[in-house]
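*Asks:* Pasting target.pdb below, which is PDB, C-alpha atoms and all ligand atoms.
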ATOM      1  CA  MET A 356      -5.950 -16.681 -23.321  1.00  0.00           C
ATOM      2  CA  TYR A 357      -4.907 -13.785 -21.077  1.00  0.00           C
ATOM      3  CA  LEU A 358      -5.505 -14.525 -17.403  1.00  0.00           C
ATOM      4  CA  ILE A 359      -4.969 -12.322 -14.352  1.00  0.00           C
ATOM      5  CA  LEU A 360      -4.361 -13.929 -10.951  1.00  0.00           C
ATOM      6  CA  LEU A 361      -5.491 -11.421  -8.352  1.00  0.00           C
ATOM      7  CA  GLY A 362      -5.057 -11.638  -4.578  1.00  0.00           C
ATOM      8  CA  ALA A 363      -2.927 -10.490  -1.662  1.00  0.00           C
ATOM      9  CA  PRO A 364       0.715 -11.560  -1.397  1.00  0.00           C
ATOM     10  CA  GLY A 365       0.947 -15.133  -0.135  1.00  0.00           C
ATOM     11  CA  VAL A 366      -2.408 -16.436  -1.371  1.00  0.00           C
ATOM     12  CA  GLY A 367      -0.665 -18.821  -3.789  1.00  0.00           C
ATOM     13  CA  LYS A 368      -0.601 -16.911  -7.099  1.00  0.00           C
ATOM     14  CA  GLY A 369       2.980 -17.968  -7.829  1.00  0.00           C
ATOM     15  CA  THR A 370       2.356 -21.640  -7.010  1.00  0.00           C
ATOM     16  CA  GLN A 371      -0.814 -21.741  -9.105  1.00  0.00           C
ATOM     17  CA  SER A 372       0.952 -19.975 -11.979  1.00  0.00           C
ATOM     18  CA  LYS A 373       3.636 -22.660 -11.945  1.00  0.00           C
ATOM     19  CA  TYR A 374       1.003 -25.413 -12.119  1.00  0.00           C
ATOM     20  CA  LEU A 375      -0.588 -23.643 -15.088  1.00  0.00           C
ATOM     21  CA  VAL A 376       2.779 -23.294 -16.816  1.00  0.00           C
ATOM     22  CA  GLU A 377       3.596 -26.988 -16.273  1.00  0.00           C
ATOM     23  CA  SER A 378       0.262 -28.513 -17.185  1.00  0.00           C
ATOM     24  CA  LYS A 379      -1.518 -26.042 -19.453  1.00  0.00           C
ATOM     25  CA  GLY A 380       1.301 -24.430 -21.394  1.00  0.00           C
ATOM     26  CA  PHE A 381       0.849 -20.917 -20.019  1.00  0.00           C
ATOM     27  CA  ILE A 382       3.623 -18.359 -19.823  1.00  0.00           C
ATOM     28  CA  GLN A 383       3.897 -16.709 -16.401  1.00  0.00           C
ATOM     29  CA  LEU A 384       4.496 -12.980 -16.294  1.00  0.00           C
ATOM     30  CA  SER A 385       5.255 -12.080 -12.690  1.00  0.00           C
ATOM     31  CA  THR A 386       6.160  -8.424 -12.195  1.00  0.00           C
ATOM     32  CA  GLY A 387       7.676  -9.365  -8.807  1.00  0.00           C
ATOM     33  CA  ASP A 388       9.976 -11.946 -10.451  1.00  0.00           C
ATOM     34  CA  ILE A 389      10.994  -9.499 -13.191  1.00  0.00           C
ATOM     35  CA  LEU A 390      11.777  -6.827 -10.586  1.00  0.00           C
ATOM     36  CA  ARG A 391      13.755  -9.281  -8.430  1.00  0.00           C
ATOM     37  CA  ALA A 392      15.853 -10.181 -11.498  1.00  0.00           C
ATOM     38  CA  GLU A 393      16.555  -6.456 -12.032  1.00  0.00           C
ATOM     39  CA  VAL A 394      17.552  -6.074  -8.364  1.00  0.00           C
ATOM     40  CA  LYS A 395      19.861  -9.087  -8.612  1.00  0.00           C
ATOM     41  CA  ALA A 396      21.504  -7.688 -11.763  1.00  0.00           C
ATOM     42  CA  LYS A 397      21.878  -4.304 -10.008  1.00  0.00           C
ATOM     43  CA  THR A 398      20.424  -2.413 -12.977  1.00  0.00           C
ATOM     44  CA  ASP A 399      19.304   1.233 -12.553  1.00  0.00           C
ATOM     45  CA  LEU A 400      15.708   0.003 -12.431  1.00  0.00           C
ATOM     46  CA  GLY A 401      16.656  -2.646  -9.869  1.00  0.00           C
ATOM     47  CA  ILE A 402      18.330  -0.099  -7.606  1.00  0.00           C
ATOM     48  CA  VAL A 403      15.180   2.094  -7.623  1.00  0.00           C
ATOM     49  CA  ALA A 404      12.872  -0.905  -7.170  1.00  0.00           C
ATOM     50  CA  LYS A 405      14.802  -2.500  -4.291  1.00  0.00           C
ATOM     51  CA  GLU A 406      13.994   0.260  -1.825  1.00  0.00           C
ATOM     52  CA  CYS A 407      10.228  -0.051  -2.448  1.00  0.00           C
ATOM     53  CA  MET A 408      10.313  -3.843  -2.470  1.00  0.00           C
ATOM     54  CA  ASP A 409      12.200  -4.142   0.828  1.00  0.00           C
ATOM     55  CA  LYS A 410       9.737  -1.762   2.512  1.00  0.00           C
ATOM     56  CA  GLY A 411       6.747  -3.546   1.010  1.00  0.00           C
ATOM     57  CA  THR A 412       5.517  -0.529  -0.960  1.00  0.00           C
ATOM     58  CA  LEU A 413       4.756  -0.492  -4.692  1.00  0.00           C
ATOM     59  CA  VAL A 414       7.175   0.335  -7.490  1.00  0.00           C
ATOM     60  CA  SER A 415       5.909   3.207  -9.686  1.00  0.00           C
ATOM     61  CA  ASP A 416       3.141   2.503 -12.191  1.00  0.00           C
ATOM     62  CA  ASP A 417       5.235   3.863 -15.079  1.00  0.00           C
ATOM     63  CA  ILE A 418       8.117   1.460 -14.398  1.00  0.00           C
ATOM     64  CA  VAL A 419       5.827  -1.562 -14.127  1.00  0.00           C
ATOM     65  CA  LEU A 420       3.718  -0.646 -17.175  1.00  0.00           C
ATOM     66  CA  ASN A 421       6.853  -0.241 -19.265  1.00  0.00           C
ATOM     67  CA  MET A 422       8.117  -3.647 -18.161  1.00  0.00           C
ATOM     68  CA  ILE A 423       4.834  -5.289 -19.119  1.00  0.00           C
ATOM     69  CA  LYS A 424       4.756  -3.517 -22.489  1.00  0.00           C
ATOM     70  CA  ASN A 425       8.261  -4.754 -23.306  1.00  0.00           C
ATOM     71  CA  LYS A 426       7.514  -8.332 -22.231  1.00  0.00           C
ATOM     72  CA  LEU A 427       4.320  -8.485 -24.283  1.00  0.00           C
ATOM     73  CA  ILE A 428       6.276  -7.688 -27.431  1.00  0.00           C
ATOM     74  CA  GLU A 429       8.230 -10.949 -26.858  1.00  0.00           C
ATOM     75  CA  ILE A 430       5.294 -13.240 -26.000  1.00  0.00           C
ATOM     76  CA  SER A 431       1.784 -13.605 -27.338  1.00  0.00           C
ATOM     77  CA  ASP A 432      -0.614 -16.370 -26.343  1.00  0.00           C
ATOM     78  CA  ASN A 433      -1.696 -17.956 -23.052  1.00  0.00           C
ATOM     79  CA  VAL A 434      -0.213 -15.544 -20.547  1.00  0.00           C
ATOM     80  CA  ILE A 435      -0.828 -15.449 -16.783  1.00  0.00           C
ATOM     81  CA  PHE A 436      -0.347 -12.052 -15.201  1.00  0.00           C
ATOM     82  CA  ASP A 437       0.825 -12.744 -11.643  1.00  0.00           C
ATOM     83  CA  GLY A 438       1.022  -9.709  -9.366  1.00  0.00           C
ATOM     84  CA  PHE A 439      -0.031  -7.289 -12.107  1.00  0.00           C
ATOM     85  CA  PRO A 440      -2.019  -5.075 -12.218  1.00  0.00           C
ATOM     86  CA  ARG A 441      -1.844  -3.861  -8.633  1.00  0.00           C
ATOM     87  CA  THR A 442      -3.361  -0.361  -8.962  1.00  0.00           C
ATOM     88  CA  LEU A 443      -6.380   1.049 -10.782  1.00  0.00           C
ATOM     89  CA  ILE A 444      -4.057   3.132 -12.975  1.00  0.00           C
ATOM     90  CA  GLN A 445      -2.157  -0.023 -13.990  1.00  0.00           C
ATOM     91  CA  ALA A 446      -5.444  -1.778 -14.754  1.00  0.00           C
ATOM     92  CA  GLU A 447      -6.744   1.091 -16.884  1.00  0.00           C
ATOM     93  CA  LYS A 448      -3.495   1.651 -18.795  1.00  0.00           C
ATOM     94  CA  PHE A 449      -3.199  -2.105 -19.302  1.00  0.00           C
ATOM     95  CA  VAL A 450      -6.447  -1.996 -21.295  1.00  0.00           C
ATOM     96  CA  ASP A 451      -4.850   0.532 -23.675  1.00  0.00           C
ATOM     97  CA  ILE A 452      -1.650  -1.526 -24.005  1.00  0.00           C
ATOM     98  CA  LEU A 453      -3.695  -4.606 -24.887  1.00  0.00           C
ATOM     99  CA  LYS A 454      -5.926  -2.681 -27.299  1.00  0.00           C
ATOM    100  CA  ASP A 455      -2.841  -1.674 -29.295  1.00  0.00           C
ATOM    101  CA  LEU A 456      -1.950  -5.379 -29.530  1.00  0.00           C
ATOM    102  CA  ASN A 457      -5.519  -6.424 -30.432  1.00  0.00           C
ATOM    103  CA  LYS A 458      -5.748  -8.372 -27.174  1.00  0.00           C
ATOM    104  CA  LYS A 459      -7.959  -8.376 -24.102  1.00  0.00           C
ATOM    105  CA  ILE A 460      -8.079  -9.928 -20.642  1.00  0.00           C
ATOM    106  CA  ASP A 461     -10.242 -13.040 -20.823  1.00  0.00           C
ATOM    107  CA  LYS A 462     -10.603 -13.937 -17.151  1.00  0.00           C
ATOM    108  CA  VAL A 463      -9.567 -12.660 -13.749  1.00  0.00           C
ATOM    109  CA  ILE A 464      -9.294 -15.129 -10.883  1.00  0.00           C
ATOM    110  CA  ASN A 465      -9.317 -13.631  -7.404  1.00  0.00           C
ATOM    111  CA  ILE A 466      -7.885 -15.842  -4.663  1.00  0.00           C
ATOM    112  CA  ALA A 467      -9.158 -14.822  -1.214  1.00  0.00           C
ATOM    113  CA  LEU A 468      -7.454 -15.587   2.112  1.00  0.00           C
ATOM    114  CA  ASP A 469      -7.483 -14.071   5.643  1.00  0.00           C
ATOM    115  CA  ASP A 470      -4.602 -11.758   6.580  1.00  0.00           C
ATOM    116  CA  SER A 471      -3.669 -13.793   9.667  1.00  0.00           C
ATOM    117  CA  ILE A 472      -3.112 -16.918   7.543  1.00  0.00           C
ATOM    118  CA  ILE A 473      -1.126 -14.899   4.998  1.00  0.00           C
ATOM    119  CA  GLU A 474       1.166 -13.554   7.754  1.00  0.00           C
ATOM    120  CA  ASP A 475       1.925 -17.100   8.957  1.00  0.00           C
ATOM    121  CA  ARG A 476       2.495 -18.322   5.421  1.00  0.00           C
ATOM    122  CA  LEU A 477       4.859 -15.533   4.384  1.00  0.00           C
ATOM    123  CA  ALA A 478       6.853 -15.362   7.623  1.00  0.00           C
ATOM    124  CA  GLY A 479       7.811 -19.039   7.094  1.00  0.00           C
ATOM    125  CA  ARG A 480       8.056 -19.081   3.300  1.00  0.00           C
ATOM    126  CA  LEU A 481      11.148 -20.446   1.577  1.00  0.00           C
ATOM    127  CA  VAL A 482      11.584 -20.109  -2.184  1.00  0.00           C
ATOM    128  CA  CYS A 483      13.786 -22.060  -4.583  1.00  0.00           C
ATOM    129  CA  LYS A 484      16.393 -19.807  -6.227  1.00  0.00           C
ATOM    130  CA  SER A 485      16.335 -21.920  -9.400  1.00  0.00           C
ATOM    131  CA  CYS A 486      12.714 -22.879 -10.131  1.00  0.00           C
ATOM    132  CA  GLY A 487      10.774 -20.564  -7.796  1.00  0.00           C
ATOM    133  CA  LYS A 488       8.878 -23.337  -6.001  1.00  0.00           C
ATOM    134  CA  SER A 489       7.615 -22.269  -2.554  1.00  0.00           C
ATOM    135  CA  TYR A 490       8.017 -24.207   0.689  1.00  0.00           C
ATOM    136  CA  HIS A 491       7.230 -23.436   4.339  1.00  0.00           C
ATOM    137  CA  LYS A 492       9.557 -23.819   7.327  1.00  0.00           C
ATOM    138  CA  ILE A 493       6.845 -25.670   9.297  1.00  0.00           C
ATOM    139  CA  PHE A 494       3.867 -26.526   7.077  1.00  0.00           C
ATOM    140  CA  PHE A 495       5.612 -27.669   3.889  1.00  0.00           C
ATOM    141  CA  LYS A 496       9.210 -28.643   4.512  1.00  0.00           C
ATOM    142  CA  PRO A 497      11.483 -29.856   1.710  1.00  0.00           C
ATOM    143  CA  ARG A 498      12.720 -33.458   2.028  1.00  0.00           C
ATOM    144  CA  LYS A 499      16.271 -32.181   2.568  1.00  0.00           C
ATOM    145  CA  ALA A 500      16.673 -28.912   4.533  1.00  0.00           C
ATOM    146  CA  GLY A 501      17.512 -25.956   2.301  1.00  0.00           C
ATOM    147  CA  VAL A 502      17.213 -27.916  -0.959  1.00  0.00           C
ATOM    148  CA  CYS A 503      14.370 -27.920  -3.509  1.00  0.00           C
ATOM    149  CA  ASP A 504      12.682 -31.358  -3.882  1.00  0.00           C
ATOM    150  CA  ASP A 505      12.035 -30.758  -7.574  1.00  0.00           C
ATOM    151  CA  CYS A 506      15.254 -29.318  -8.976  1.00  0.00           C
ATOM    152  CA  GLY A 507      17.862 -29.449  -6.195  1.00  0.00           C
ATOM    153  CA  GLY A 508      18.108 -25.633  -6.129  1.00  0.00           C
ATOM    154  CA  VAL A 509      18.967 -23.660  -3.002  1.00  0.00           C
ATOM    155  CA  LEU A 510      16.049 -22.430  -0.866  1.00  0.00           C
ATOM    156  CA  TYR A 511      16.109 -18.870   0.501  1.00  0.00           C
ATOM    157  CA  GLN A 512      13.893 -16.473   2.407  1.00  0.00           C
ATOM    158  CA  ARG A 513      12.844 -13.414   0.388  1.00  0.00           C
ATOM    159  CA  SER A 514      14.125 -10.174   1.950  1.00  0.00           C
ATOM    160  CA  ASP A 515      10.546  -8.820   1.995  1.00  0.00           C
ATOM    161  CA  ASP A 516       9.116 -11.885   3.782  1.00  0.00           C
ATOM    162  CA  ASN A 517       9.667 -10.381   7.235  1.00  0.00           C
ATOM    163  CA  LEU A 518       6.766  -9.395   9.477  1.00  0.00           C
ATOM    164  CA  GLU A 519       7.158  -5.616   9.060  1.00  0.00           C
ATOM    165  CA  SER A 520       7.295  -5.762   5.276  1.00  0.00           C
ATOM    166  CA  VAL A 521       4.502  -8.361   5.128  1.00  0.00           C
ATOM    167  CA  ARG A 522       2.216  -6.060   7.158  1.00  0.00           C
ATOM    168  CA  ASN A 523       3.039  -3.141   4.835  1.00  0.00           C
ATOM    169  CA  ARG A 524       2.348  -5.292   1.782  1.00  0.00           C
ATOM    170  CA  LEU A 525      -1.022  -6.309   3.229  1.00  0.00           C
ATOM    171  CA  GLU A 526      -1.888  -2.680   3.960  1.00  0.00           C
ATOM    172  CA  VAL A 527      -0.963  -1.696   0.402  1.00  0.00           C
ATOM    173  CA  TYR A 528      -3.008  -4.630  -0.883  1.00  0.00           C
ATOM    174  CA  HIS A 529      -6.137  -3.565   1.006  1.00  0.00           C
ATOM    175  CA  SER A 530      -5.902   0.143   0.139  1.00  0.00           C
ATOM    176  CA  THR A 531      -4.674  -0.058  -3.462  1.00  0.00           C
ATOM    177  CA  THR A 532      -5.034  -3.491  -5.052  1.00  0.00           C
ATOM    178  CA  LYS A 533      -8.247  -4.849  -3.509  1.00  0.00           C
ATOM    179  CA  PRO A 534     -10.419  -2.270  -5.378  1.00  0.00           C
ATOM    180  CA  LEU A 535      -9.466  -4.142  -8.569  1.00  0.00           C
ATOM    181  CA  ILE A 536     -11.832  -6.936  -7.495  1.00  0.00           C
ATOM    182  CA  ASN A 537     -14.746  -4.563  -7.958  1.00  0.00           C
ATOM    183  CA  TYR A 538     -13.243  -3.142 -11.178  1.00  0.00           C
ATOM    184  CA  TYR A 539     -13.045  -6.562 -12.856  1.00  0.00           C
ATOM    185  CA  ASP A 540     -16.356  -7.697 -11.379  1.00  0.00           C
ATOM    186  CA  LYS A 541     -18.002  -4.768 -13.160  1.00  0.00           C
ATOM    187  CA  ASN A 542     -16.328  -5.977 -16.367  1.00  0.00           C
ATOM    188  CA  GLY A 543     -18.030  -9.363 -15.820  1.00  0.00           C
ATOM    189  CA  ILE A 544     -14.796 -11.377 -16.003  1.00  0.00           C
ATOM    190  CA  LEU A 545     -14.121 -12.000 -12.305  1.00  0.00           C
ATOM    191  CA  TYR A 546     -14.118 -15.418 -10.601  1.00  0.00           C
ATOM    192  CA  ASN A 547     -13.682 -15.663  -6.805  1.00  0.00           C
ATOM    193  CA  LEU A 548     -11.877 -18.697  -5.383  1.00  0.00           C
ATOM    194  CA  ASP A 549     -11.057 -19.835  -1.841  1.00  0.00           C
ATOM    195  CA  GLY A 550      -7.306 -19.626  -1.095  1.00  0.00           C
ATOM    196  CA  ASN A 551      -7.751 -21.731   2.054  1.00  0.00           C
ATOM    197  CA  LYS A 552      -7.927 -24.907   0.024  1.00  0.00           C
ATOM    198  CA  GLU A 553      -5.011 -27.273  -0.387  1.00  0.00           C
ATOM    199  CA  SER A 554      -3.011 -26.095  -3.420  1.00  0.00           C
ATOM    200  CA  LEU A 555      -3.970 -28.927  -5.813  1.00  0.00           C
ATOM    201  CA  GLU A 556      -7.637 -28.531  -4.878  1.00  0.00           C
ATOM    202  CA  LEU A 557      -7.371 -24.816  -5.629  1.00  0.00           C
ATOM    203  CA  PHE A 558      -5.680 -25.655  -8.917  1.00  0.00           C
ATOM    204  CA  ASN A 559      -8.627 -27.879  -9.758  1.00  0.00           C
ATOM    205  CA  ASP A 560     -10.984 -24.929  -9.138  1.00  0.00           C
ATOM    206  CA  ILE A 561      -8.851 -22.778 -11.441  1.00  0.00           C
ATOM    207  CA  VAL A 562      -8.921 -25.405 -14.181  1.00  0.00           C
ATOM    208  CA  ASN A 563     -12.719 -25.527 -13.865  1.00  0.00           C
ATOM    209  CA  VAL A 564     -12.868 -21.772 -14.405  1.00  0.00           C
ATOM    210  CA  LEU A 565     -10.615 -22.020 -17.460  1.00  0.00           C
ATOM    211  CA  GLU A 566     -12.007 -25.217 -18.916  1.00  0.00           C
ATOM    212  CA  GLU A 567     -14.419 -23.753 -21.413  1.00  0.00           C
ATOM    213  CA  ASP A 568     -11.563 -21.800 -23.036  1.00  0.00           C
ATOM    214  CA  ILE A 569      -8.794 -24.375 -23.155  1.00  0.00           C
TER     215      ILE A 569
HETATM  216  P1  LIG A 601       5.477 -10.032  -5.495  1.00  0.00           P
HETATM  217  O1  LIG A 601       6.583 -10.942  -5.851  1.00  0.00           O
HETATM  218  O2  LIG A 601       4.358 -10.043  -6.476  1.00  0.00           O
HETATM  219  O3  LIG A 601       4.999 -10.223  -4.069  1.00  0.00           O
HETATM  220  O4  LIG A 601       6.081  -8.532  -5.555  1.00  0.00           O
HETATM  221  C1  LIG A 601       7.172  -8.146  -4.738  1.00  0.00           C
HETATM  222  C2  LIG A 601       7.285  -6.637  -4.729  1.00  0.00           C
HETATM  223  O5  LIG A 601       7.557  -6.155  -6.058  1.00  0.00           O
HETATM  224  C3  LIG A 601       6.036  -5.879  -4.298  1.00  0.00           C
HETATM  225  O6  LIG A 601       5.915  -5.781  -2.881  1.00  0.00           O
HETATM  226  C4  LIG A 601       6.271  -4.517  -4.965  1.00  0.00           C
HETATM  227  O7  LIG A 601       7.222  -3.752  -4.269  1.00  0.00           O
HETATM  228  C5  LIG A 601       6.889  -4.923  -6.297  1.00  0.00           C
HETATM  229  N1  LIG A 601       5.847  -5.154  -7.345  1.00  0.00           N
HETATM  230  C6  LIG A 601       5.531  -6.338  -7.939  1.00  0.00           C
HETATM  231  N2  LIG A 601       4.549  -6.182  -8.837  1.00  0.00           N
HETATM  232  C7  LIG A 601       4.221  -4.861  -8.814  1.00  0.00           C
HETATM  233  C8  LIG A 601       3.256  -4.075  -9.499  1.00  0.00           C
HETATM  234  N3  LIG A 601       2.414  -4.616 -10.399  1.00  0.00           N
HETATM  235  N4  LIG A 601       3.205  -2.754  -9.218  1.00  0.00           N
HETATM  236  C9  LIG A 601       4.046  -2.187  -8.337  1.00  0.00           C
HETATM  237  N5  LIG A 601       4.968  -2.864  -7.627  1.00  0.00           N
HETATM  238  C10 LIG A 601       5.063  -4.202  -7.862  1.00  0.00           C
END
Would you encode the structure as structure tokens?
Ligand code: AMP
*Replies:*
Amino acid sequence: MYLILLGAPGVGKGTQSKYLVESKGFIQLSTGDILRAEVKAKTDLGIVAKECMDKGTLVSDDIVLNMIKNKLIEISDNVIFDGFPRTLIQAEKFVDILKDLNKKIDKVINIALDDSIIEDRLAGRLVCKSCGKSYHKIFFKPRKAGVCDDCGGVLYQRSDDNLESVRNRLEVYHSTTKPLINYYDKNGILYNLDGNKESLELFNDIVNVLEEDI
């Protein structure tokens, strides 16, 4: 199954992807994670991407589409696309990429949440450097400060989780990514879920959407 998790930054796509990886055997393809790895390795791509990522703007469609194409050569079944596509051009070209591989998107889950809640979530978000699990400075503290409960990894604040960048990312989401809701709705494969729910409750809703196919 090929599944897209759609929604603004901070709605819980990464957390839900991790649940799906752990309990349903999915592979998570997060364009944000791939780009952050490129930035960390200081590759040419990473150097170009860093500027956009720090500002909260999008990396070019060509770069992202190429990344996805290359990753899909390595993996085949049960993939979650987390943070991709983010523009109509990416969505349309993605159809062509999948056609060449005899694949298609099976379902798109859109997680909705108010901007004000997203701002609070992202401004206090801490992420584990090793396993990627998310915490919150106030609402979801780790047992030991700065250390991941699950794997003992170091927690850090993403450089783009500051208020200015968060506001830019939300603006980009509303102008450029949100129209994808309508695009996939027209394709008849869209499911809308409430991102306000506690994360395991939301996961339950996702499993219900997937159930008939797994
Ligand atoms: P994320 O981890 O999904 O919040 O993405 C972090 C940043 O990576 C975004 O703010 C963009 O700068 C960049 N990025 C991630 N995915 C994409 C994409 N599909 N298209 C363009 N830029 C992206």
*Asks:* Which protein, DNA or RNA residues have an atom within 6 Å of ligand LIG 601 (chain A), counting only C-alpha atoms and all ligand atoms, as a VMD selection string?
*Replies:* chain A and resid 364 386 to 388 407 to 408 411 to 415 419 438 to 441 524
*Asks:* Figure out the distance between atom CA of Leu481 of chain A and atom CA of Tyr546 of chain A, please, to one decimal in Å.
*Replies:* 28.5 Å
*Asks:* Starting from the shown file, work through the PyMOL selection byres (((chain A and resi 509) around 12) and not hetatm) and note down what comes out as number ranges by chain.
*Replies:* A: 481-490, 497, 499-508, 510-512
*Asks:* In Å, how far is it from atom CA of Tyr539 of chain A to atom CA of Thr442 of chain A?
*Replies:*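 Between atom CA of Tyr539 of chain A and atom CA of Thr442 of chain A the gap is 12.1 Å.
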*Asks:* Neighbouring residues of Ala363 of chain A were defined as those with any atom within 10 Å, considering only C-alpha atoms; residues of the same chain fewer than 5 positions away were excluded. Please report them as a list of chain:residue names.
*Replies:*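 Returned residues: A:Lys368, A:Gly438, A:Arg441, A:Asn465, A:Ile466, A:Ala467, A:Leu468, A:Asp469, A:Asp470, A:Ile473, A:Arg524, A:Leu525, A:Glu526, A:Val527, A:Tyr528, A:His529, A:Thr532, A:Lys533.
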*Asks:* Take the selection from the previous step and output its residues with C-alpha atoms, as a CSV table (one decimal), keeping the file's coordinate frame.
*Replies:*
chain,number,residue,atom,x,y,z
A,368,LYS,CA,-0.6,-16.9,-7.1
A,438,GLY,CA,1.0,-9.7,-9.4
A,441,ARG,CA,-1.8,-3.9,-8.6
A,465,ASN,CA,-9.3,-13.6,-7.4
A,466,ILE,CA,-7.9,-15.8,-4.7
A,467,ALA,CA,-9.2,-14.8,-1.2
A,468,LEU,CA,-7.5,-15.6,2.1
A,469,ASP,CA,-7.5,-14.1,5.6
A,470,ASP,CA,-4.6,-11.8,6.6
A,473,ILE,CA,-1.1,-14.9,5.0
A,524,ARG,CA,2.3,-5.3,1.8
A,525,LEU,CA,-1.0,-6.3,3.2
A,526,GLU,CA,-1.9,-2.7,4.0
A,527,VAL,CA,-1.0,-1.7,0.4
A,528,TYR,CA,-3.0,-4.6,-0.9
A,529,HIS,CA,-6.1,-3.6,1.0
A,532,THR,CA,-5.0,-3.5,-5.1
A,533,LYS,CA,-8.2,-4.8,-3.5
*Asks:* Return as a list of chain:residue names the set of residues that the PyMOL selection byres (((chain A and resi 370) around 10) and not hetatm) yields on the displayed structure.
*Replies:*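 That selection, the PyMOL selection byres (((chain A and resi 370) around 10) and not hetatm), comes back as A:Gly365, A:Val366, A:Gly367, A:Lys368, A:Gly369, A:Gln371, A:Ser372, A:Lys373, A:Tyr374, A:Leu375, A:Val376, A:Gly487, A:Lys488, A:Ser489, A:Tyr490, A:Ser554, A:Leu555, A:Phe558.
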